[in-house]
$ cat final-v8.pdb   # PDB, N, CA and C atoms, pLDDT in the B column
ATOM      1  N   MET W   1      -0.101 -11.144 -28.781  1.00 43.00           N
ATOM      2  CA  MET W   1       0.120 -12.427 -29.396  1.00 43.00           C
ATOM      3  C   MET W   1      -0.810 -12.517 -30.606  1.00 43.00           C
ATOM      4  N   VAL W   2      -0.230 -12.732 -31.753  1.00 51.00           N
ATOM      5  CA  VAL W   2      -1.008 -12.809 -32.983  1.00 51.00           C
ATOM      6  C   VAL W   2      -1.795 -14.103 -33.044  1.00 51.00           C
ATOM      7  N   GLY W   3      -1.164 -15.192 -32.740  1.00 59.00           N
ATOM      8  CA  GLY W   3      -1.859 -16.468 -32.811  1.00 59.00           C
ATOM      9  C   GLY W   3      -0.957 -17.601 -32.383  1.00 59.00           C
ATOM     10  N   VAL W   4      -1.569 -18.706 -32.109  1.00 65.00           N
ATOM     11  CA  VAL W   4      -0.840 -19.897 -31.706  1.00 65.00           C
ATOM     12  C   VAL W   4      -1.299 -21.027 -32.598  1.00 65.00           C
ATOM     13  N   GLY W   5      -0.389 -21.851 -33.011  1.00 70.00           N
ATOM     14  CA  GLY W   5      -0.779 -22.959 -33.854  1.00 70.00           C
ATOM     15  C   GLY W   5       0.358 -23.932 -34.057  1.00 70.00           C
ATOM     16  N   ILE W   6       0.059 -24.972 -34.784  1.00 73.00           N
ATOM     17  CA  ILE W   6       1.044 -25.996 -35.105  1.00 73.00           C
ATOM     18  C   ILE W   6       1.145 -26.086 -36.612  1.00 73.00           C
ATOM     19  N   ALA W   7       2.366 -26.142 -37.089  1.00 75.00           N
ATOM     20  CA  ALA W   7       2.600 -26.314 -38.525  1.00 75.00           C
ATOM     21  C   ALA W   7       3.605 -27.446 -38.702  1.00 75.00           C
ATOM     22  N   TRP W   8       3.296 -28.360 -39.565  1.00 78.00           N
ATOM     23  CA  TRP W   8       4.208 -29.453 -39.874  1.00 78.00           C
ATOM     24  C   TRP W   8       4.996 -29.028 -41.106  1.00 78.00           C
ATOM     25  N   VAL W   9       6.239 -28.656 -40.902  1.00 80.00           N
ATOM     26  CA  VAL W   9       7.055 -28.101 -41.975  1.00 80.00           C
ATOM     27  C   VAL W   9       8.275 -28.996 -42.191  1.00 80.00           C
ATOM     28  N   PRO W  10       8.375 -29.620 -43.356  1.00 82.00           N
ATOM     29  CA  PRO W  10       9.576 -30.426 -43.634  1.00 82.00           C
ATOM     30  C   PRO W  10      10.729 -29.525 -44.079  1.00 82.00           C
ATOM     31  N   PHE W  11      11.923 -29.814 -43.620  1.00 84.00           N
ATOM     32  CA  PHE W  11      13.108 -29.050 -44.002  1.00 84.00           C
ATOM     33  C   PHE W  11      14.111 -29.966 -44.684  1.00 84.00           C
ATOM     34  N   GLU W  12      14.756 -29.440 -45.683  1.00 84.00           N
ATOM     35  CA  GLU W  12      15.765 -30.207 -46.431  1.00 84.00           C
ATOM     36  C   GLU W  12      17.025 -30.444 -45.605  1.00 84.00           C
ATOM     37  N   ASP W  13      17.385 -29.451 -44.793  1.00 86.00           N
ATOM     38  CA  ASP W  13      18.620 -29.563 -44.022  1.00 86.00           C
ATOM     39  C   ASP W  13      18.556 -28.675 -42.781  1.00 86.00           C
ATOM     40  N   GLU W  14      19.605 -28.739 -41.982  1.00 85.00           N
ATOM     41  CA  GLU W  14      19.679 -27.968 -40.738  1.00 85.00           C
ATOM     42  C   GLU W  14      19.686 -26.461 -41.012  1.00 85.00           C
ATOM     43  N   GLY W  15      20.263 -26.045 -42.117  1.00 90.00           N
ATOM     44  CA  GLY W  15      20.307 -24.624 -42.462  1.00 90.00           C
ATOM     45  C   GLY W  15      18.919 -24.045 -42.677  1.00 90.00           C
ATOM     46  N   ALA W  16      18.042 -24.819 -43.303  1.00 90.00           N
ATOM     47  CA  ALA W  16      16.676 -24.357 -43.538  1.00 90.00           C
ATOM     48  C   ALA W  16      15.931 -24.207 -42.211  1.00 90.00           C
ATOM     49  N   LEU W  17      16.140 -25.135 -41.286  1.00 87.00           N
ATOM     50  CA  LEU W  17      15.521 -25.037 -39.961  1.00 87.00           C
ATOM     51  C   LEU W  17      16.046 -23.812 -39.224  1.00 87.00           C
ATOM     52  N   THR W  18      17.341 -23.578 -39.299  1.00 89.00           N
ATOM     53  CA  THR W  18      17.946 -22.414 -38.640  1.00 89.00           C
ATOM     54  C   THR W  18      17.367 -21.116 -39.193  1.00 89.00           C
ATOM     55  N   ALA W  19      17.216 -21.028 -40.507  1.00 92.00           N
ATOM     56  CA  ALA W  19      16.645 -19.826 -41.125  1.00 92.00           C
ATOM     57  C   ALA W  19      15.184 -19.633 -40.709  1.00 92.00           C
ATOM     58  N   PHE W  20      14.436 -20.725 -40.638  1.00 89.00           N
ATOM     59  CA  PHE W  20      13.027 -20.660 -40.222  1.00 89.00           C
ATOM     60  C   PHE W  20      12.915 -20.164 -38.786  1.00 89.00           C
ATOM     61  N   ARG W  21      13.771 -20.703 -37.910  1.00 87.00           N
ATOM     62  CA  ARG W  21      13.763 -20.281 -36.507  1.00 87.00           C
ATOM     63  C   ARG W  21      14.142 -18.807 -36.373  1.00 87.00           C
ATOM     64  N   ALA W  22      15.094 -18.353 -37.172  1.00 91.00           N
ATOM     65  CA  ALA W  22      15.501 -16.949 -37.117  1.00 91.00           C
ATOM     66  C   ALA W  22      14.325 -16.046 -37.506  1.00 91.00           C
ATOM     67  N   ARG W  23      13.605 -16.421 -38.546  1.00 91.00           N
ATOM     68  CA  ARG W  23      12.450 -15.620 -38.982  1.00 91.00           C
ATOM     69  C   ARG W  23      11.348 -15.645 -37.927  1.00 91.00           C
ATOM     70  N   ALA W  24      11.113 -16.806 -37.316  1.00 86.00           N
ATOM     71  CA  ALA W  24      10.105 -16.899 -36.255  1.00 86.00           C
ATOM     72  C   ALA W  24      10.483 -15.992 -35.089  1.00 86.00           C
ATOM     73  N   ALA W  25      11.766 -15.957 -34.737  1.00 86.00           N
ATOM     74  CA  ALA W  25      12.225 -15.097 -33.641  1.00 86.00           C
ATOM     75  C   ALA W  25      12.054 -13.618 -33.995  1.00 86.00           C
ATOM     76  N   GLU W  26      12.326 -13.249 -35.246  1.00 90.00           N
ATOM     77  CA  GLU W  26      12.123 -11.866 -35.691  1.00 90.00           C
ATOM     78  C   GLU W  26      10.673 -11.433 -35.512  1.00 90.00           C
ATOM     79  N   LEU W  27       9.762 -12.371 -35.685  1.00 85.00           N
ATOM     80  CA  LEU W  27       8.335 -12.082 -35.570  1.00 85.00           C
ATOM     81  C   LEU W  27       7.815 -12.244 -34.143  1.00 85.00           C
ATOM     82  N   GLY W  28       8.722 -12.569 -33.198  1.00 80.00           N
ATOM     83  CA  GLY W  28       8.338 -12.696 -31.797  1.00 80.00           C
ATOM     84  C   GLY W  28       7.865 -14.082 -31.409  1.00 80.00           C
ATOM     85  N   GLY W  29       8.166 -15.082 -32.220  1.00 80.00           N
ATOM     86  CA  GLY W  29       7.718 -16.438 -31.932  1.00 80.00           C
ATOM     87  C   GLY W  29       8.862 -17.396 -31.713  1.00 80.00           C
ATOM     88  N   ILE W  30       8.518 -18.669 -31.628  1.00 80.00           N
ATOM     89  CA  ILE W  30       9.499 -19.740 -31.498  1.00 80.00           C
ATOM     90  C   ILE W  30       9.132 -20.835 -32.482  1.00 80.00           C
ATOM     91  N   ALA W  31      10.079 -21.715 -32.749  1.00 82.00           N
ATOM     92  CA  ALA W  31       9.830 -22.835 -33.657  1.00 82.00           C
ATOM     93  C   ALA W  31      10.469 -24.101 -33.088  1.00 82.00           C
ATOM     94  N   PRO W  32       9.835 -24.709 -32.080  1.00 78.00           N
ATOM     95  CA  PRO W  32      10.377 -25.956 -31.539  1.00 78.00           C
ATOM     96  C   PRO W  32      10.152 -27.098 -32.518  1.00 78.00           C
ATOM     97  N   VAL W  33      11.013 -28.096 -32.443  1.00 75.00           N
ATOM     98  CA  VAL W  33      10.878 -29.279 -33.288  1.00 75.00           C
ATOM     99  C   VAL W  33      10.245 -30.380 -32.449  1.00 75.00           C
ATOM    100  N   ILE W  34       9.152 -30.928 -32.951  1.00 69.00           N
ATOM    101  CA  ILE W  34       8.441 -31.960 -32.201  1.00 69.00           C
ATOM    102  C   ILE W  34       8.948 -33.346 -32.570  1.00 69.00           C
ATOM    103  N   ARG W  35       9.294 -33.527 -33.835  1.00 67.00           N
ATOM    104  CA  ARG W  35       9.770 -34.831 -34.274  1.00 67.00           C
ATOM    105  C   ARG W  35      11.022 -34.625 -35.111  1.00 67.00           C
ATOM    106  N   GLY W  36      12.060 -35.385 -34.825  1.00 62.00           N
ATOM    107  CA  GLY W  36      13.304 -35.253 -35.557  1.00 62.00           C
ATOM    108  C   GLY W  36      14.318 -34.465 -34.753  1.00 62.00           C
ATOM    109  N   PRO W  37      15.511 -34.258 -35.297  1.00 63.00           N
ATOM    110  CA  PRO W  37      16.540 -33.512 -34.576  1.00 63.00           C
ATOM    111  C   PRO W  37      16.169 -32.035 -34.488  1.00 63.00           C
ATOM    112  N   GLY W  38      16.600 -31.398 -33.451  1.00 62.00           N
ATOM    113  CA  GLY W  38      16.366 -29.965 -33.323  1.00 62.00           C
ATOM    114  C   GLY W  38      15.845 -29.538 -31.973  1.00 62.00           C
ATOM    115  N   GLY W  39      14.979 -30.317 -31.360  1.00 58.00           N
ATOM    116  CA  GLY W  39      14.473 -29.987 -30.031  1.00 58.00           C
ATOM    117  C   GLY W  39      13.847 -28.620 -29.941  1.00 58.00           C
ATOM    118  N   LEU W  40      14.102 -27.932 -28.848  1.00 57.00           N
ATOM    119  CA  LEU W  40      13.511 -26.621 -28.608  1.00 57.00           C
ATOM    120  C   LEU W  40      14.352 -25.485 -29.158  1.00 57.00           C
ATOM    121  N   GLY W  41      15.543 -25.773 -29.625  1.00 64.00           N
ATOM    122  CA  GLY W  41      16.403 -24.716 -30.155  1.00 64.00           C
ATOM    123  C   GLY W  41      17.198 -24.056 -29.047  1.00 64.00           C
ATOM    124  N   ASP W  42      17.881 -22.981 -29.404  1.00 66.00           N
ATOM    125  CA  ASP W  42      18.780 -22.312 -28.469  1.00 66.00           C
ATOM    126  C   ASP W  42      18.140 -21.160 -27.715  1.00 66.00           C
ATOM    127  N   GLY W  43      17.049 -20.640 -28.230  1.00 64.00           N
ATOM    128  CA  GLY W  43      16.433 -19.452 -27.628  1.00 64.00           C
ATOM    129  C   GLY W  43      15.641 -19.763 -26.371  1.00 64.00           C
ATOM    130  N   ALA W  44      15.343 -18.701 -25.640  1.00 65.00           N
ATOM    131  CA  ALA W  44      14.534 -18.836 -24.426  1.00 65.00           C
ATOM    132  C   ALA W  44      13.077 -19.098 -24.809  1.00 65.00           C
ATOM    133  N   ILE W  45      12.411 -19.924 -24.043  1.00 65.00           N
ATOM    134  CA  ILE W  45      11.012 -20.246 -24.269  1.00 65.00           C
ATOM    135  C   ILE W  45      10.153 -19.246 -23.484  1.00 65.00           C
ATOM    136  N   PRO W  46       9.242 -18.515 -24.152  1.00 70.00           N
ATOM    137  CA  PRO W  46       8.453 -17.497 -23.456  1.00 70.00           C
ATOM    138  C   PRO W  46       7.233 -18.050 -22.726  1.00 70.00           C
ATOM    139  N   ALA W  47       7.088 -19.362 -22.606  1.00 71.00           N
ATOM    140  CA  ALA W  47       5.887 -19.952 -22.025  1.00 71.00           C
ATOM    141  C   ALA W  47       5.552 -19.429 -20.632  1.00 71.00           C
ATOM    142  N   PRO W  48       6.501 -19.307 -19.709  1.00 75.00           N
ATOM    143  CA  PRO W  48       6.114 -18.809 -18.377  1.00 75.00           C
ATOM    144  C   PRO W  48       5.502 -17.410 -18.432  1.00 75.00           C
ATOM    145  N   ASP W  49       6.090 -16.517 -19.211  1.00 78.00           N
ATOM    146  CA  ASP W  49       5.559 -15.158 -19.331  1.00 78.00           C
ATOM    147  C   ASP W  49       4.186 -15.162 -19.986  1.00 78.00           C
ATOM    148  N   VAL W  50       4.025 -15.966 -21.019  1.00 78.00           N
ATOM    149  CA  VAL W  50       2.729 -16.058 -21.702  1.00 78.00           C
ATOM    150  C   VAL W  50       1.674 -16.571 -20.736  1.00 78.00           C
ATOM    151  N   GLN W  51       2.005 -17.614 -19.967  1.00 79.00           N
ATOM    152  CA  GLN W  51       1.035 -18.158 -19.012  1.00 79.00           C
ATOM    153  C   GLN W  51       0.651 -17.122 -17.963  1.00 79.00           C
ATOM    154  N   ARG W  52       1.617 -16.356 -17.472  1.00 82.00           N
ATOM    155  CA  ARG W  52       1.303 -15.323 -16.466  1.00 82.00           C
ATOM    156  C   ARG W  52       0.351 -14.276 -17.038  1.00 82.00           C
ATOM    157  N   ARG W  53       0.584 -13.868 -18.291  1.00 84.00           N
ATOM    158  CA  ARG W  53      -0.292 -12.862 -18.901  1.00 84.00           C
ATOM    159  C   ARG W  53      -1.700 -13.408 -19.130  1.00 84.00           C
ATOM    160  N   ILE W  54      -1.797 -14.659 -19.545  1.00 84.00           N
ATOM    161  CA  ILE W  54      -3.119 -15.265 -19.754  1.00 84.00           C
ATOM    162  C   ILE W  54      -3.859 -15.381 -18.423  1.00 84.00           C
ATOM    163  N   ARG W  55      -3.162 -15.856 -17.399  1.00 85.00           N
ATOM    164  CA  ARG W  55      -3.795 -15.995 -16.093  1.00 85.00           C
ATOM    165  C   ARG W  55      -4.235 -14.638 -15.552  1.00 85.00           C
ATOM    166  N   ALA W  56      -3.416 -13.608 -15.744  1.00 86.00           N
ATOM    167  CA  ALA W  56      -3.769 -12.272 -15.264  1.00 86.00           C
ATOM    168  C   ALA W  56      -5.020 -11.757 -15.971  1.00 86.00           C
ATOM    169  N   ALA W  57      -5.155 -12.079 -17.258  1.00 89.00           N
ATOM    170  CA  ALA W  57      -6.320 -11.616 -18.016  1.00 89.00           C
ATOM    171  C   ALA W  57      -7.574 -12.414 -17.669  1.00 89.00           C
ATOM    172  N   MET W  58      -7.443 -13.717 -17.484  1.00 88.00           N
ATOM    173  CA  MET W  58      -8.602 -14.582 -17.269  1.00 88.00           C
ATOM    174  C   MET W  58      -8.984 -14.752 -15.801  1.00 88.00           C
ATOM    175  N   ASP W  59      -8.001 -14.578 -14.916  1.00 87.00           N
ATOM    176  CA  ASP W  59      -8.248 -14.794 -13.487  1.00 87.00           C
ATOM    177  C   ASP W  59      -7.509 -13.728 -12.679  1.00 87.00           C
ATOM    178  N   PRO W  60      -7.934 -12.470 -12.782  1.00 89.00           N
ATOM    179  CA  PRO W  60      -7.195 -11.395 -12.113  1.00 89.00           C
ATOM    180  C   PRO W  60      -7.149 -11.531 -10.593  1.00 89.00           C
ATOM    181  N   ALA W  61      -8.113 -12.209 -10.003  1.00 89.00           N
ATOM    182  CA  ALA W  61      -8.117 -12.388  -8.549  1.00 89.00           C
ATOM    183  C   ALA W  61      -7.231 -13.555  -8.114  1.00 89.00           C
ATOM    184  N   GLY W  62      -6.780 -14.377  -9.059  1.00 83.00           N
ATOM    185  CA  GLY W  62      -5.892 -15.493  -8.738  1.00 83.00           C
ATOM    186  C   GLY W  62      -6.542 -16.596  -7.930  1.00 83.00           C
ATOM    187  N   ILE W  63      -7.831 -16.869  -8.180  1.00 86.00           N
ATOM    188  CA  ILE W  63      -8.525 -17.880  -7.374  1.00 86.00           C
ATOM    189  C   ILE W  63      -8.586 -19.258  -8.042  1.00 86.00           C
ATOM    190  N   LEU W  64      -8.344 -19.322  -9.352  1.00 82.00           N
ATOM    191  CA  LEU W  64      -8.425 -20.607 -10.059  1.00 82.00           C
ATOM    192  C   LEU W  64      -7.079 -21.326 -10.011  1.00 82.00           C
ATOM    193  N   ALA W  65      -7.057 -22.515  -9.456  1.00 79.00           N
ATOM    194  CA  ALA W  65      -5.869 -23.362  -9.381  1.00 79.00           C
ATOM    195  C   ALA W  65      -4.656 -22.605  -8.848  1.00 79.00           C
ATOM    196  N   PRO W  66      -4.733 -22.056  -7.650  1.00 76.00           N
ATOM    197  CA  PRO W  66      -3.587 -21.333  -7.113  1.00 76.00           C
ATOM    198  C   PRO W  66      -2.368 -22.248  -6.956  1.00 76.00           C
ATOM    199  N   GLY W  67      -1.207 -21.752  -7.271  1.00 74.00           N
ATOM    200  CA  GLY W  67       0.021 -22.521  -7.147  1.00 74.00           C
ATOM    201  C   GLY W  67       0.322 -23.419  -8.313  1.00 74.00           C
ATOM    202  N   ARG W  68      -0.590 -23.497  -9.280  1.00 73.00           N
ATOM    203  CA  ARG W  68      -0.351 -24.333 -10.445  1.00 73.00           C
ATOM    204  C   ARG W  68       0.039 -23.444 -11.617  1.00 73.00           C
ATOM    205  N   ALA W  69       1.315 -23.217 -11.725  1.00 67.00           N
ATOM    206  CA  ALA W  69       1.825 -22.376 -12.798  1.00 67.00           C
ATOM    207  C   ALA W  69       3.318 -22.641 -12.932  1.00 67.00           C
ATOM    208  N   TRP W  70       3.912 -22.056 -13.948  1.00 60.00           N
ATOM    209  CA  TRP W  70       5.369 -22.160 -14.127  1.00 60.00           C
ATOM    210  C   TRP W  70       6.026 -21.527 -12.925  1.00 60.00           C
ATOM    211  N   SER W  71       7.057 -22.138 -12.441  1.00 52.00           N
ATOM    212  CA  SER W  71       7.796 -21.545 -11.312  1.00 52.00           C
ATOM    213  C   SER W  71       9.149 -21.069 -11.820  1.00 52.00           C
ATOM    214  N   THR W  72       9.207 -19.782 -12.065  1.00 45.00           N
ATOM    215  CA  THR W  72      10.486 -19.196 -12.498  1.00 45.00           C
ATOM    216  C   THR W  72      10.747 -17.947 -11.711  1.00 45.00           C
TER
END
$ encode --input "final-v8.pdb" --output "structure tokens"
Amino acid sequence: MVGVGIAWVPFEDEGALTAFRARAAELGGIAPVIRGPGGLGDGAIPAPDVQRRIRAAMDPAGILAPGRAWST
């Protein structure tokens, strides 16, 4: 994972948002919309996998907050 962050990006139209999301997907990311039309988009959200990898790296014994994770 290169990095995580928030960017407030205004788009002129739906086509610009679609192109931005396509580029984000090419780079291995996602581009959910927080405000305005668009929502989470059509692609799968990698959050459960990301959380599992972080937990495995930070808590390999699985003792911190057991059972509190994405259930997929």
$ atom_distance --input "final-v8.pdb" --atom1 "atom C of Ile63 of chain W" --atom2 "atom C of Gly29 of chain W"
29.5 Å
$ closest_residue --input "final-v8.pdb" --among "W:Pro66, W:Ala16, W:Val9, W:Pro46" --to "Val33 of chain W" --atoms "only C-alpha atoms"
W:Val9
$ atom_distance --input "final-v8.pdb" --atom1 "atom CA of Gly5 of chain W" --atom2 "atom CA of Ala61 of chain W"
28.4 Å
$ atom_distance --input "final-v8.pdb" --atom1 "atom CA of Ala47 of chain W" --atom2 "atom CA of Arg23 of chain W"
18.7 Å
